[in-house]
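To start, the structure under review is shown below, and the notes come after it.
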Amino acid sequence: MGDGKKKIALKKNRLDRNVILTGFTSFFTDVSTEMIYPLLQAFLQMVMVTQAALLGPVLGIIEGTAEAGASLLKVFSGYYSDRIQRRKFLTIFGYSASALSKFLLFLAGGGWYYVFLARFFDRMGKGIRTAPRDALISESVSRAIQGRAFGFQRGMDFAGATLGTLICFFLVRQFLDPNSGNLKNPASFYMLFLISIVPAIVGIVFLFFLFEKTDPHPARINNQKLKPSLNIQSYDRNLKLFFLVQFFFTLGNSSNQFLLLRSMNLGHNLSAVVGMYMVFNLSSSLLSNSFGKLSDKIGRKKLLVTGYGLYAVVYAAFGFITPSCNRLLWVFWPLYGIYYAMTEGVEKAFVSSLAPSGSRATALGFHHTIVGITLLPAGIIAGLLFALFPSAPFVFGSVMAGLSVLILGIFVKSDYFSAAKHEKPKLKICV
């Protein structure tokens with residue numbers, strides 16, 4: 001191979017600067033988010049001290065409604081981004097909305113509904129930014145390394161989450177009440193909330209250096225540029241089946257807040273729970289990029305089936321572990337992180353590979369919307385089950401994950417996502 005061809009091949013397999021920049025944004029944003037996310041269920045316990053019986057249902061409503069409401073935006077944000085062929089502005093706006101939402105937490109002394117509003121607007125910001133950002137990543141690299149690109153982005157996500165949780169861990173230890181196992185007073189929480197806003201703002205700065213990626217030869221029919229389609233019936237059969245898989249899987253996958261709450265109920269104090277959550281993020285951070293690369297080589301479906309199967313095992317364990325053997329949670333939290341590493345970035349690469357021409361952001365928006373909307377009933381179901389029997393939500397989640405593995409493994413026939421097959425994809429016409 002000549003020097004010129006080698007240079008072209010190296011450039012083709014190199015991560016674009018947009019991928020690097022959005023990775024740094026994800027890193028700092030997750031430092032901000034994960035400094036406070038493990039504390040929300042503990043903060044709610046303090047805010048709702050006179051309404052303790054309602055903690056589970058309220059937590060389910062907050063998480064489910066916030067995710068579902070935000071997800072309604074994801075498909076329309078993706079569709080609008082495809083229509084105007086612009087990703088940068090929506091990405092910046094979404095990250096900014098999430099950063100500003102944290103100020104609402106300082107009003108939570110007036111009632112738990114301020115926590116709800118803070119989570120809702122934080123997720124609304126994510127709903128606006130996610131599909132355009134993912135489309136920008138997809139359009140910035142060749143199809144042969146999209147698994148690697150999304151794996152890098154998710155790896156930076158979890159690296160930031162690990163650092164954020166580590167900061168949270170050490171700060172929590174300074175203010176932990178040994179009697180209650182929680183922080184001493186609301187002021188301790190407010191200090192952490194204030195510090196968390198700084199990295200969120202730093203992350204936004206990187207986005208101003210992004211370059212829009214426009215297709216010089218957009219797909220056309222009858223000499224007219226294809227418009228993005230909201231008609232899901234026109235999508236590839238395997239993509240529609242995968243959306244169905246996501247619906248069943250998400251129905252049993254309500255919120256990590258329930259895993260944190262379960263860990264405390266099994267006898268661990270807040271400091272230990274934050275430590276477990278840090279290990280979870282660390283395992284995801286270290287492995288996301290590697291699993292993304294692996295999906296480029298062996299195909300997305302194999303990793304997704306394995307990852308969903310691992311999730312079923314982990315959730316079953318959370319359901320059946322008793323306080324007497326609660327140390328096993330230190331094993332299953334990192335295994336839960338491995339599940340994330342195997343699936344988060346790979347799901348996006350999977351959808352992106354099957355998306356119709358001209359509708360990549362729209363299809364990614366549909367993916368996120370289906371997941372997010374399903375989180376509302378999932379959160380309510382988990383909250384009610386937790387109130388009745390604390391292990392029930394996790395057994396239910398394990399069963400739904402098993403069902404998802406069966407559908408994906410048997411009915412999604414095509415698995416043409418290896419690098420060798422990426423270079424000449426079939427054109428999907430969508431009108």
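Ordering of the structure tokens sets the chain letters (A, B, ...); residue numbers start at 1 within each chain; ligands are numbered from 1 in the order shown.
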As a ChimeraX atom specification, please: every residue in range 124-260 of chain A that a backbone DSSP assignment puts in strand (DSSP E or B). /A:176,183,220-221,224-225
Excluding same-chain residues fewer than 6 positions from Gly109 in chain A, what lies within 12 Å of it counting only C-alpha atoms, as a compact mmCIF listing (two decimals) with N, CA and C atoms, in the first residue's frame?
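Once written, part-v2.txt looks like this:
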```
# COMPACT_ATOMS: atom_id res chain seq x y z
N PHE A 43 -31.47 12.71 49.50
CA PHE A 43 -31.98 14.07 49.68
C PHE A 43 -33.51 14.04 49.81
N LEU A 44 -34.15 13.22 48.97
CA LEU A 44 -35.60 13.09 49.05
C LEU A 44 -36.04 12.51 50.40
N MET A 46 -34.69 13.02 53.20
CA MET A 46 -34.63 14.12 54.17
C MET A 46 -35.78 15.10 53.94
N VAL A 47 -36.06 15.43 52.68
CA VAL A 47 -37.14 16.37 52.35
C VAL A 47 -38.49 15.79 52.75
N MET A 48 -38.65 14.45 52.57
CA MET A 48 -39.94 13.79 52.82
C MET A 48 -39.93 13.01 54.13
N VAL A 49 -39.23 13.51 55.11
CA VAL A 49 -39.10 12.77 56.36
C VAL A 49 -40.45 12.50 57.02
N VAL A 115 -37.55 19.20 43.46
CA VAL A 115 -36.65 18.15 42.96
C VAL A 115 -37.20 17.61 41.65
N ASN A 185 -27.51 17.58 57.30
CA ASN A 185 -28.57 18.57 57.12
C ASN A 185 -28.66 18.99 55.65
N PRO A 186 -29.73 19.69 55.26
CA PRO A 186 -29.89 20.11 53.86
C PRO A 186 -28.76 20.99 53.36
N ALA A 187 -28.14 21.78 54.23
CA ALA A 187 -27.06 22.67 53.82
C ALA A 187 -25.90 21.90 53.21
N PHE A 189 -26.14 19.16 51.42
CA PHE A 189 -26.54 18.86 50.04
C PHE A 189 -26.39 20.09 49.16
N TYR A 190 -26.82 21.24 49.65
CA TYR A 190 -26.79 22.47 48.85
C TYR A 190 -25.37 22.84 48.44
```
Tell me which of A:Ile145, A:Ala382, A:Ile20, A:Val305 sits closest to Phe242 in chain A, counting only C-alpha atoms.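 Among A:Ile145, A:Ala382, A:Ile20, A:Val305, it is A:Val305 that comes nearest to Phe242 in chain A.
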In Å, rounded to a single decimal, give me how far CA of Ser81 in chain A is from CA of Thr65 in chain A.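 CA of Ser81 in chain A lies 24.4 Å from CA of Thr65 in chain A.
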Hey, can you check how far CA of Val31 in chain A sits from CA of Pro199 in chain A?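 Taking CA of Val31 in chain A as the start and CA of Pro199 in chain A as the end point, the length is 6.5 Å.
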Report, in Å to a single decimal, how far apart CA of Gly23 in chain A and CA of Gln153 in chain A are. 4.8 Å
Which is closest to Phe211 in chain A among A:Ile380, A:Leu266, A:Ile137, A:Met191, if we use only C-alpha atoms?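 So, comparing all the options, the nearest one is A:Ile137.
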Show which residues sit within 9 Å of Ser26 in chain A, as a list in words. Count only C-alpha atoms, and ignore same-chain residues fewer than 6 positions away.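 Selected residues are Gln153, Arg154, Met156, Asp157, Phe158, Gly160 and Gly203 of chain A.
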Write the residues of the preceding selection, restricted to N, CA and C atoms, as a short mmCIF file (atom, residue, chain, number, x, y, z; two decimals), in the first residue's frame.
```cif
data_model
loop_
_atom_site.label_atom_id
_atom_site.label_comp_id
_atom_site.auth_asym_id
_atom_site.auth_seq_id
_atom_site.Cartn_x
_atom_site.Cartn_y
_atom_site.Cartn_z
N GLN A 153 -17.40 8.07 23.17
CA GLN A 153 -18.27 9.07 23.78
C GLN A 153 -18.85 8.56 25.10
N ARG A 154 -19.31 7.32 25.11
CA ARG A 154 -19.85 6.75 26.33
C ARG A 154 -18.76 6.52 27.37
N MET A 156 -16.14 8.43 27.80
CA MET A 156 -15.91 9.74 28.41
C MET A 156 -17.05 10.09 29.36
N ASP A 157 -18.27 9.72 28.98
CA ASP A 157 -19.42 9.88 29.88
C ASP A 157 -19.13 9.24 31.24
N PHE A 158 -18.76 7.97 31.18
CA PHE A 158 -18.57 7.22 32.42
C PHE A 158 -17.29 7.62 33.14
N GLY A 160 -16.24 10.73 33.32
CA GLY A 160 -16.72 11.89 34.07
C GLY A 160 -17.59 11.48 35.23
N GLY A 203 -18.08 22.13 30.53
CA GLY A 203 -18.41 21.22 29.44
C GLY A 203 -19.04 21.91 28.25
#
```
